[in-house]
>>> print(open('run.txt').read())   # compact mmCIF, C-alpha atoms and all ligand atoms
# COMPACT_ATOMS: atom_id res chain seq x y z
CA MET A 1 79.60 81.25 71.45
CA ARG A 2 78.26 83.94 69.11
CA ALA A 3 75.56 84.84 71.61
CA ALA A 4 78.20 85.25 74.31
CA LEU A 5 80.28 87.47 72.06
CA ILE A 6 77.32 89.68 71.21
CA ALA A 7 76.32 89.85 74.88
CA SER A 8 79.79 90.94 75.89
CA LEU A 9 79.90 93.55 73.13
CA VAL A 10 76.58 94.94 74.32
CA ALA A 11 77.89 95.01 77.89
CA VAL A 12 81.03 96.86 76.82
CA ALA A 13 79.01 99.31 74.75
CA SER A 14 76.63 100.11 77.60
CA ALA A 15 79.50 100.38 80.06
CA TYR A 16 81.21 102.73 77.63
CA ARG A 17 78.09 104.86 77.25
CA SER A 18 77.80 105.39 81.00
CA TRP A 19 81.40 106.61 81.21
CA ILE A 20 81.26 109.11 78.30
CA GLY A 21 82.20 112.58 79.44
CA VAL A 22 83.41 111.35 82.84
CA ASP A 23 87.08 111.62 83.76
CA THR A 24 88.16 108.02 84.19
CA ARG A 25 91.78 108.40 83.08
CA TRP A 26 92.98 108.18 86.67
CA ALA A 27 91.48 104.69 86.87
CA THR A 28 92.78 103.41 83.54
CA HIS A 29 96.06 105.18 82.76
CA PRO A 30 99.37 104.89 84.57
CA ASP A 31 99.94 107.29 87.49
CA ARG A 32 102.52 110.03 87.45
CA THR A 33 105.63 108.78 89.14
CA ALA A 34 107.74 110.43 91.83
CA GLN A 35 110.24 111.15 89.08
CA TRP A 36 107.60 113.03 87.09
CA TYR A 37 106.88 115.24 90.11
CA ASP A 38 110.62 115.78 90.53
CA GLU A 39 111.00 117.00 86.98
CA ASN A 40 107.73 118.90 86.62
CA ALA A 41 106.63 120.11 90.06
CA GLN A 42 109.86 120.76 91.96
CA GLY A 43 109.36 117.44 93.69
CA ARG A 44 106.11 118.49 95.37
CA LEU A 45 104.26 115.19 95.74
CA PRO A 46 100.46 114.99 95.82
CA GLU A 47 98.69 114.40 99.11
CA LEU A 48 98.10 110.73 99.86
CA ALA A 49 94.71 109.26 100.70
CA GLN A 50 94.00 108.72 104.41
CA SER A 51 93.61 105.18 105.67
CA MET A 52 90.05 106.10 106.64
CA THR A 53 87.70 108.41 104.76
CA THR A 54 84.23 109.26 106.03
CA VAL A 55 81.80 109.55 103.13
CA VAL A 56 78.60 110.12 105.15
CA ALA A 57 78.99 110.62 108.89
CA ASN A 58 77.87 107.55 110.88
CA LYS A 59 76.71 105.84 107.67
CA SER A 60 79.52 105.25 105.22
CA SER A 61 83.31 105.00 105.46
CA ILE A 62 86.03 103.85 103.11
CA VAL A 63 88.96 102.03 104.69
CA LYS A 64 92.25 101.76 102.85
CA LEU A 65 93.71 98.67 104.48
CA GLU A 66 97.42 98.11 103.95
CA CYS A 67 97.91 94.64 102.53
CA MET A 68 101.27 93.71 104.04
CA GLY A 69 103.54 91.82 101.65
CA CYS A 70 100.75 91.24 99.13
CA PRO A 71 101.52 90.38 95.52
CA PHE A 72 100.65 93.21 93.15
CA ARG A 73 98.64 92.80 89.98
CA VAL A 74 99.83 94.81 87.02
CA ARG A 75 97.04 95.63 84.58
CA LYS A 76 97.72 97.61 81.46
CA LEU A 77 95.47 99.24 78.88
CA HIS A 78 94.91 97.09 75.76
CA ALA A 79 96.74 94.48 77.66
CA GLU A 80 98.52 91.33 77.11
CA PRO A 81 97.88 88.92 79.97
CA GLU A 82 98.25 90.43 83.41
CA GLU A 83 101.43 90.04 85.38
CA TRP A 84 102.60 89.99 88.96
CA GLN A 85 105.00 92.77 89.80
CA GLU A 86 108.40 91.59 91.07
CA PRO A 87 109.12 92.68 93.69
CA PRO A 88 105.58 93.85 94.49
CA GLN A 89 105.08 97.50 95.42
CA ASP A 90 103.24 98.25 98.65
CA SER A 91 99.50 98.02 98.19
CA SER A 92 96.20 98.49 99.98
CA LEU A 93 92.68 97.09 99.72
CA LEU A 94 89.66 99.38 99.47
CA LEU A 95 86.89 98.43 101.88
CA ASN A 96 83.58 100.28 101.71
CA PHE A 97 81.60 99.96 104.95
CA THR A 98 78.15 101.42 104.39
CA ILE A 99 74.87 101.13 106.24
CA ASP A 100 71.96 100.20 104.05
CA ALA A 101 68.97 101.95 105.58
CA SER A 102 66.36 99.83 103.78
CA THR A 103 67.59 96.55 105.31
CA ALA A 104 69.28 98.03 108.40
CA ALA A 105 72.43 96.09 107.55
CA LEU A 106 76.10 97.02 107.44
CA LEU A 107 77.47 96.26 103.98
CA LEU A 108 81.09 95.68 103.08
CA ASN A 109 81.66 96.24 99.37
CA GLY A 110 77.97 95.55 98.87
CA GLN A 111 77.73 92.38 101.00
CA PRO A 112 75.99 92.21 104.38
CA VAL A 113 78.46 91.75 107.25
CA ALA A 114 76.16 92.84 110.11
CA ALA A 115 74.07 90.89 110.34
CA LEU A 116 76.39 88.50 108.52
CA ALA A 117 74.74 86.74 105.59
CA PRO A 118 74.96 82.92 105.57
CA MET A 119 78.12 81.35 104.18
CA PRO A 120 79.46 81.25 101.55
CA LEU A 121 79.63 85.03 101.40
CA HIS A 122 82.02 86.10 98.65
CA ILE A 123 83.53 89.55 99.16
CA HIS A 124 85.83 91.24 96.65
CA ALA A 125 88.04 94.29 97.04
CA PHE A 126 90.09 96.50 94.76
CA GLN A 127 93.82 96.62 95.24
CA VAL A 128 95.40 100.05 94.89
CA ASN A 129 98.95 101.27 95.15
CA ALA A 130 99.86 102.24 98.74
CA ASN A 131 100.58 105.79 97.51
CA PHE A 132 97.05 106.16 96.12
CA THR A 133 96.41 109.91 96.26
CA GLU A 134 93.72 111.84 98.06
CA MET A 135 92.51 113.14 94.70
CA HIS A 136 92.11 109.62 93.35
CA MET A 137 90.25 108.61 96.49
CA ARG A 138 87.82 111.54 96.02
CA LYS A 139 87.21 110.50 92.42
CA ALA A 140 86.76 106.86 93.38
CA ILE A 141 84.16 107.95 95.95
CA ASP A 142 82.36 110.36 93.59
CA LEU A 143 82.10 107.69 90.91
CA GLN A 144 81.18 104.99 93.46
CA MET A 145 83.98 102.67 92.50
CA MET A 146 83.12 100.25 95.32
CA ASP A 147 79.48 99.95 94.33
CA LYS A 148 77.98 97.10 92.32
CA SER A 149 77.10 99.54 89.53
CA TRP A 150 80.80 100.17 88.77
CA ASN A 151 81.44 98.51 85.42
CA LEU A 152 84.56 100.19 84.13
CA GLY A 153 87.62 98.02 83.60
CA THR A 154 90.51 99.66 85.45
CA LYS A 155 94.17 99.29 86.13
CA TYR A 156 93.21 98.29 89.67
CA GLY A 157 92.97 94.56 90.15
CA LYS A 158 90.30 92.96 92.32
CA PHE A 159 90.82 90.12 94.75
CA GLU A 160 88.37 87.85 96.48
CA LEU A 161 88.94 87.96 100.23
CA GLN A 162 89.54 85.19 102.70
CA TYR A 163 88.47 86.53 106.08
CA GLU A 164 87.66 86.15 109.71
CA HIS A 165 84.56 87.94 110.89
CA THR A 166 83.91 88.54 114.58
CA VAL A 167 81.11 90.21 116.49
CA VAL A 168 82.23 91.21 119.96
CA ALA A 169 79.52 92.33 122.37
CA THR A 170 80.19 95.29 124.63
CA ARG A 171 78.66 95.69 128.07
CA GLU A 172 76.62 98.60 126.72
CA PRO A 173 73.33 97.37 125.24
CA GLY A 174 72.94 97.96 121.51
CA LYS A 175 76.66 98.46 120.92
CA SER A 176 78.97 95.88 119.46
CA TRP A 177 82.26 95.64 117.63
CA ILE A 178 82.33 94.16 114.15
CA GLN A 179 85.88 92.99 113.45
CA PHE A 180 86.82 92.22 109.88
CA ASP A 181 90.21 90.60 109.45
CA VAL A 182 91.35 89.92 105.89
CA THR A 183 93.35 86.73 106.35
CA GLY A 184 94.14 86.17 102.69
CA ILE A 185 93.56 87.21 99.09
CA LEU A 186 92.75 84.77 96.30
CA TYR A 187 94.63 84.80 93.04
CA PRO A 188 92.41 85.42 90.05
CA TYR A 189 91.66 82.26 88.15
CA ALA A 190 94.01 82.96 85.23
CA MET A 191 96.92 83.85 87.50
CA HIS A 192 97.20 80.84 89.77
CA LYS A 193 100.68 80.04 88.61
CA HIS A 194 102.04 82.67 91.00
CA ASP A 195 101.62 80.05 93.69
CA PRO A 196 99.83 76.75 93.26
CA LYS A 197 98.22 77.20 96.67
CA GLY A 198 95.96 79.75 94.99
CA TYR A 199 96.06 82.48 97.60
CA TYR A 200 98.30 84.74 99.63
CA GLU A 201 97.93 84.74 103.39
CA LEU A 202 98.16 88.02 105.27
CA GLN A 203 100.32 86.75 108.10
CA ALA A 204 102.67 89.68 108.64
CA GLY A 205 103.00 90.60 112.31
CA ASP A 206 102.01 94.21 111.62
CA GLN A 207 98.96 93.38 109.48
CA LYS A 208 96.00 95.37 110.75
CA LEU A 209 92.32 94.52 110.96
CA VAL A 210 89.28 96.77 110.80
CA GLN A 211 86.99 97.10 113.77
CA ILE A 212 83.78 99.05 113.71
CA LEU A 213 81.75 100.08 116.71
CA LEU A 214 78.15 99.65 115.66
CA ARG A 215 75.18 101.09 117.48
CA GLU A 216 71.83 99.38 116.98
CA LYS A 217 68.51 101.01 117.79
CA ALA A 218 65.38 98.89 118.13
CA GLU A 219 62.42 101.15 117.23
CA PRO A 220 62.65 101.88 114.38
CA HIS A 221 65.42 99.38 113.65
CA GLU A 222 68.46 101.46 112.74
CA LEU A 223 72.20 101.01 112.64
CA SER A 224 74.88 103.65 112.89
CA ILE A 225 78.63 103.57 112.74
CA GLU A 226 80.05 105.08 115.88
CA ASP A 227 83.71 104.45 115.26
CA VAL A 228 86.00 102.89 112.63
CA GLN A 229 89.46 101.75 113.65
CA LEU A 230 92.46 100.02 112.14
CA VAL A 231 94.22 98.07 114.86
CA ASP A 232 96.93 95.45 115.20
CA ARG A 233 95.44 92.00 115.55
CA LYS A 234 96.74 91.71 119.09
CA ASP A 235 95.14 95.03 120.08
CA ARG A 236 91.60 94.20 118.94
CA ALA A 237 88.69 94.74 121.30
CA LYS A 238 88.37 91.68 123.52
CA PRO A 239 85.11 90.01 124.49
CA TYR A 240 84.02 89.77 128.11
CA ALA A 241 83.04 86.51 129.79
CA MET A 242 79.32 86.01 130.32
CA PRO A 243 78.01 84.58 133.64
CA CYS A 244 77.89 81.12 132.04
CA GLY A 245 81.63 81.41 131.39
CA ARG A 246 81.45 81.72 127.63
CA LEU A 247 82.86 84.72 125.80
CA ALA A 248 80.35 87.22 124.44
CA MET A 249 81.38 86.92 120.82
CA ALA A 250 80.62 85.08 117.58
CA GLN A 251 83.25 84.29 114.99
CA THR A 252 83.03 83.07 111.40
CA THR A 253 85.98 82.25 109.20
CA PHE A 254 85.62 82.01 105.46
CA LYS A 255 88.12 80.42 103.09
CA PRO A 256 86.64 80.60 99.59
CA LEU A 257 88.79 77.72 98.33
CA GLU A 258 87.14 75.39 100.82
CA TRP A 259 83.83 75.90 99.07
CA ASP A 260 82.46 75.08 95.66
CA ASP A 261 79.03 75.39 94.07
CA TYR A 262 77.72 72.57 96.24
CA GLY A 263 78.87 73.74 99.66
CA LYS A 264 81.82 73.41 101.99
CA ILE A 265 84.24 70.72 100.85
CA GLY A 266 84.40 67.75 103.18
CA THR A 267 80.96 68.25 104.71
CA TRP A 268 78.02 65.91 104.39
CA SER A 269 75.69 68.61 103.22
CA ARG A 270 77.91 69.38 100.23
CA TRP A 271 78.20 65.73 99.39
CA PHE A 272 74.47 65.41 99.54
CA ASN A 273 73.88 68.49 97.36
CA LEU A 274 76.35 67.18 94.84
CA LEU A 275 74.70 63.81 94.78
CA TRP A 276 71.29 65.40 94.50
CA ASP A 277 72.42 67.49 91.57
CA LYS A 278 74.18 64.65 89.79
CA THR A 279 71.28 62.34 90.40
CA GLY A 280 69.00 64.91 88.81
CA GLU A 281 71.25 65.16 85.78
CA LEU A 282 71.60 61.44 85.54
CA PHE A 283 67.88 61.01 85.83
CA LEU A 284 67.19 63.42 83.03
CA GLU A 285 69.92 62.14 80.78
CA ASN A 286 69.30 58.50 81.23
CA LEU A 287 66.04 57.18 82.53
CA ILE A 288 67.40 53.68 82.18
CA TYR A 289 69.24 54.12 85.47
CA LEU A 290 66.02 54.83 87.31
CA PRO A 291 65.93 51.50 89.19
CA VAL A 292 69.49 52.03 90.40
CA VAL A 293 68.64 55.50 91.60
CA ILE A 294 65.59 54.22 93.42
CA VAL A 295 67.74 51.79 95.37
CA VAL A 296 70.84 53.90 95.88
CA VAL A 297 69.36 57.21 96.94
CA PRO A 298 67.29 55.92 99.88
CA ALA A 299 70.28 53.86 100.98
CA LEU A 300 72.43 56.99 100.99
CA VAL A 301 69.82 59.03 102.79
CA LEU A 302 69.61 56.32 105.43
CA LEU A 303 73.39 56.17 105.71
CA ARG A 304 73.56 59.92 106.10
CA TRP A 305 70.87 59.86 108.76
CA MET A 306 72.65 57.12 110.66
CA THR A 307 75.97 58.95 110.54
CA ARG A 308 74.31 62.11 111.79
CA ARG A 309 72.69 60.22 114.65
CA GLN A 310 75.96 58.62 115.54
CA GLN A 311 77.69 62.00 115.53
CA GLN A 312 74.99 63.49 117.71
CA GLN A 313 75.27 60.66 120.17
CA GLN A 314 79.00 61.13 120.29
CA VAL A 315 78.66 64.82 120.94
CA ALA A 316 75.98 64.54 123.59
CA LEU A 317 77.37 61.94 125.95
CA PRO A 318 75.07 62.34 128.97
CA THR A 319 76.69 63.22 132.27
CA GLU A 320 75.43 61.66 135.47
CA ASN A 321 73.05 64.54 136.12
CA ASP A 322 71.77 64.40 132.57
CA ALA A 323 71.10 60.71 132.93
CA GLU A 324 69.15 61.38 136.10
CA ALA A 325 67.21 64.12 134.39
CA ALA A 326 66.43 61.77 131.54
CA LEU A 327 65.11 59.20 133.98
CA VAL A 328 62.94 61.75 135.75
CA ASP A 329 61.68 62.91 132.37
CA SER A 330 60.65 59.46 131.25
CA GLU A 331 58.90 58.88 134.57
CA HIS A 332 56.97 62.07 134.03
CA GLN A 333 55.92 60.94 130.62
CA ASP A 334 54.75 57.63 132.04
CA THR A 335 52.37 59.37 134.40
CA THR A 336 50.79 61.52 131.74
CA PRO A 337 48.36 60.21 129.10
CA GLU A 338 48.29 56.52 129.85
CA ALA A 339 48.17 56.97 133.63
CA GLU A 340 45.28 59.36 133.33
CA TYR A 341 43.48 56.88 131.21
CA VAL A 342 43.91 54.19 133.86
CA ASP A 343 42.71 56.57 136.57
CA ARG A 344 39.52 57.26 134.76
CA GLU A 345 38.88 53.60 134.11
CA GLU A 346 39.23 52.88 137.80
CA LYS A 347 36.73 55.56 138.64
CA VAL A 348 34.15 54.20 136.24
C1 LIG B 401 104.16 105.48 94.08
O1 LIG B 401 104.80 104.24 94.31
C2 LIG B 401 105.38 103.65 93.17
C3 LIG B 401 105.90 102.28 93.58
O2 LIG B 401 106.69 102.35 94.71
C4 LIG B 401 106.48 104.55 92.62
O3 LIG B 401 107.04 103.98 91.46
C5 LIG B 401 105.88 105.90 92.29
O4 LIG B 401 106.90 106.78 91.88
C6 LIG B 401 105.17 106.47 93.51
N1 LIG B 401 104.49 107.68 93.10
C7 LIG B 401 104.58 108.81 93.75
C8 LIG B 401 103.85 109.97 93.20
O5 LIG B 401 105.26 108.92 94.77
C1 LIG B 402 79.64 101.87 99.14
O1 LIG B 402 78.61 100.90 99.24
C2 LIG B 402 77.30 101.43 99.15
C3 LIG B 402 76.34 100.29 99.38
O2 LIG B 402 76.64 99.16 98.60
C4 LIG B 402 77.11 102.10 97.80
O3 LIG B 402 75.83 102.63 97.68
C5 LIG B 402 78.16 103.20 97.64
O4 LIG B 402 78.06 103.76 96.35
C6 LIG B 402 79.55 102.63 97.83
N1 LIG B 402 80.53 103.70 97.86
C7 LIG B 402 81.50 103.79 96.97
C8 LIG B 402 82.43 104.91 97.15
O5 LIG B 402 81.63 103.00 96.06
C1 LIG B 403 78.43 109.46 114.95
O1 LIG B 403 79.85 109.44 114.89
C2 LIG B 403 80.49 110.18 115.90
C3 LIG B 403 81.99 110.06 115.67
O2 LIG B 403 82.31 110.05 114.32
C4 LIG B 403 80.13 109.66 117.27
O3 LIG B 403 80.73 110.47 118.27
C5 LIG B 403 78.63 109.65 117.45
O4 LIG B 403 78.30 109.04 118.67
C6 LIG B 403 78.00 108.88 116.30
N1 LIG B 403 76.56 108.90 116.42
C7 LIG B 403 75.83 107.77 116.41
C8 LIG B 403 74.36 107.94 116.52
O5 LIG B 403 76.33 106.66 116.30
>>> encode(input="run.txt", output="structure tokens", more="lines below")
Ligand SMILES: *[C@@H]1O[C@H](CO)[C@@H](O)[C@H](O)[C@H]1NC(C)=O
Ligand SMILES: *[C@@H]1O[C@H](CO)[C@@H](O)[C@H](O)[C@H]1NC(C)=O
Ligand SMILES: *[C@@H]1O[C@H](CO)[C@@H](O)[C@H](O)[C@H]1NC(C)=O
Amino acid sequence: MRAALIASLVAVASAYRSWIGVDTRWATHPDRTAQWYDENAQGRLPELAQSMTTVVANKSSIVKLECMGCPFRVRKLHAEPEEWQEPPQDSSLLLNFTIDASTAALLLNGQPVAALAPMPLHIHAFQVNANFTEMHMRKAIDLQMMDKSWNLGTKYGKFELQYEHTVVATREPGKSWIQFDVTGILYPYAMHKHDPKGYYELQAGDQKLVQILLREKAEPHELSIEDVQLVDRKDRAKPYAMPCGRLAMAQTTFKPLEWDDYGKIGTWSRWFNLLWDKTGELFLENLIYLPVVIVVVPALVLLRWMTRRQQQQQVALPTENDAEAALVDSEHQDTTPEAEYVDREEKV
């Protein structure tokens, strides 16, 4: 407890040191309201941030994705617990798509999305007011707000994303669309009471998704961003059908609440990991149970293996042709080693 307190004080102190002399008020203090501009600037409102900002041509772009109907987190300085705004003001999510030259990967808020890292891949994004200004966007970019190094607490709340990720091949070699569709945002742990479901789904008809045209070069391996678009879900780039009839695309959906530390809930592999972990704990805590473990674990492994086999058999029901092929195959095998052996014997 004391160690944790000291650690967090050290973290705060070092975070504080790195922000000394930097203007961070925009990120921590309330914005000027429309009324303020009315009274102090003859109603001339500041320019709003674009929905897409190129940071480095072909390498890095910030997308401000409107989060239709999303709940809005209200965070105040020296705050009491956070609140949800009622009704919520319009808001957007900040998505930083940047090519990392050293790994030739496209990162989204620091996480690889092309090539997509194995699941679970947790991606977080800041929520900003929909009337986030151009000046604030410039400052956020200059201070690298969407980088892992950002350690300043701000008035902007972060959400973990639930998403659908799609790679759509084009007929041009080396070019593909990466489509990133935010399908939901998770409520922060302490704020679940907003809705016991634990997340808000982005189901509005006019919710947009991001699609990025990526160009890949083989030698040396390099990626570049050719185009960034915000499109309606129904207008997304469509895959073409390959000669085998399948669509030239790959899709992954990720719902963080379906996963825990052990894997995807409801899958065998998670169950096995959990068991493995608990068995380890049990083993260390209480060697007396060793005999039980010795009997139970192999039984479970066997059970798992048998279930797998059963599933595989169910999936791969042989068609007539397959059955024929299998027969031909086994005949072939018959004529190989043993047959040769017989041949030689006859010759002797
Ligand atoms: C931005 O939007 C909020 C919420 O709708 C509003 O209260 C505020 O006045 C707006 N600010 C400006 C500068 O328009
Ligand atoms: C965007 O992500 C890249 C890679 O993670 C990072 O280097 C860069 O600072 C980020 N940009 C902003 C504006 O945070
Ligand atoms: C760089 O981006 C521009 C458009 O922003 C595009 O026309 C050009 O083809 C891109 N270059 C590469 C190498 O992707």
>>> residues_near_ligand(input="run.txt", ligand="ligand LIG 401 (chain B)", cutoff="12 Å", atoms="all atoms listed in the file", output="PyMOL selection string")
chain A and resi 30-41+43-49+72+74+85-92+128-136
>>> closest_residue(input="run.txt", among="A:Glu66, A:Glu83, A:Glu219, A:Asp100", to="ligand LIG 402 (chain B)", atoms="only C-alpha atoms and all ligand atoms")
A:Asp100
>>> residues_near_ligand(input="run.txt", ligand="ligand LIG 403 (chain B)", cutoff="10 Å", atoms="all atoms listed in the file", output="PyMOL selection string")
chain A and resi 54+56-59+175+213-217+222-228
>>> residues_near_ligand(input="run.txt", ligand="ligand LIG 402 (chain B)", cutoff="8 Å", atoms="all atoms listed in the file", output="PDB file with C-alpha atoms, in the frame of the given file")
ATOM      1  CA  VAL A  55      81.800 109.550 103.130  1.00  0.00           C
ATOM      2  CA  SER A  60      79.520 105.250 105.220  1.00  0.00           C
ATOM      3  CA  SER A  61      83.310 105.000 105.460  1.00  0.00           C
ATOM      4  CA  ILE A  62      86.030 103.850 103.110  1.00  0.00           C
ATOM      5  CA  ASN A  96      83.580 100.280 101.710  1.00  0.00           C
ATOM      6  CA  PHE A  97      81.600  99.960 104.950  1.00  0.00           C
ATOM      7  CA  THR A  98      78.150 101.420 104.390  1.00  0.00           C
ATOM      8  CA  ILE A  99      74.870 101.130 106.240  1.00  0.00           C
ATOM      9  CA  ASP A 100      71.960 100.200 104.050  1.00  0.00           C
ATOM     10  CA  LEU A 107      77.470  96.260 103.980  1.00  0.00           C
ATOM     11  CA  LEU A 108      81.090  95.680 103.080  1.00  0.00           C
ATOM     12  CA  ASN A 109      81.660  96.240  99.370  1.00  0.00           C
ATOM     13  CA  GLY A 110      77.970  95.550  98.870  1.00  0.00           C
ATOM     14  CA  GLN A 111      77.730  92.380 101.000  1.00  0.00           C
ATOM     15  CA  ALA A 140      86.760 106.860  93.380  1.00  0.00           C
ATOM     16  CA  ILE A 141      84.160 107.950  95.950  1.00  0.00           C
ATOM     17  CA  ASP A 142      82.360 110.360  93.590  1.00  0.00           C
ATOM     18  CA  LEU A 143      82.100 107.690  90.910  1.00  0.00           C
ATOM     19  CA  GLN A 144      81.180 104.990  93.460  1.00  0.00           C
ATOM     20  CA  MET A 145      83.980 102.670  92.500  1.00  0.00           C
ATOM     21  CA  MET A 146      83.120 100.250  95.320  1.00  0.00           C
ATOM     22  CA  ASP A 147      79.480  99.950  94.330  1.00  0.00           C
ATOM     23  CA  LYS A 148      77.980  97.100  92.320  1.00  0.00           C
ATOM     24  CA  TRP A 150      80.800 100.170  88.770  1.00  0.00           C
TER      25      TRP A 150
END
>>> residues_around(input="run.txt", residues="Met242 (chain A)", least_positions_apart="4", cutoff="12 Å", atoms="only C-alpha atoms", output="PyMOL selection string")
chain A and resi 168-171+246-249
>>> residues_near_point(input="run.txt", point="(102.8, 89.1, 111.3)", cutoff="12 Å", atoms="all atoms listed in the file", output="PyMOL selection string")
chain A and resi 67-69+183+201-209+232-234
>>> closest_residue(input="run.txt", among="A:Pro112, A:Met137, A:Ile265, A:Glu172", to="Thr53 (chain A)", atoms="only C-alpha atoms")
A:Met137
>>> closest_residue(input="run.txt", among="A:Val210, A:Arg25, A:Ala104, A:Arg270", to="Leu152 (chain A)", atoms="only C-alpha atoms")
A:Arg25
>>> residues_around(input="run.txt", residues="Tyr187 (chain A)", least_positions_apart="3", cutoff="12 Å", atoms="all atoms listed in the file", output="PyMOL selection string")
chain A and resi 70-73+82-84+124+157-162+184+190-201+256-257
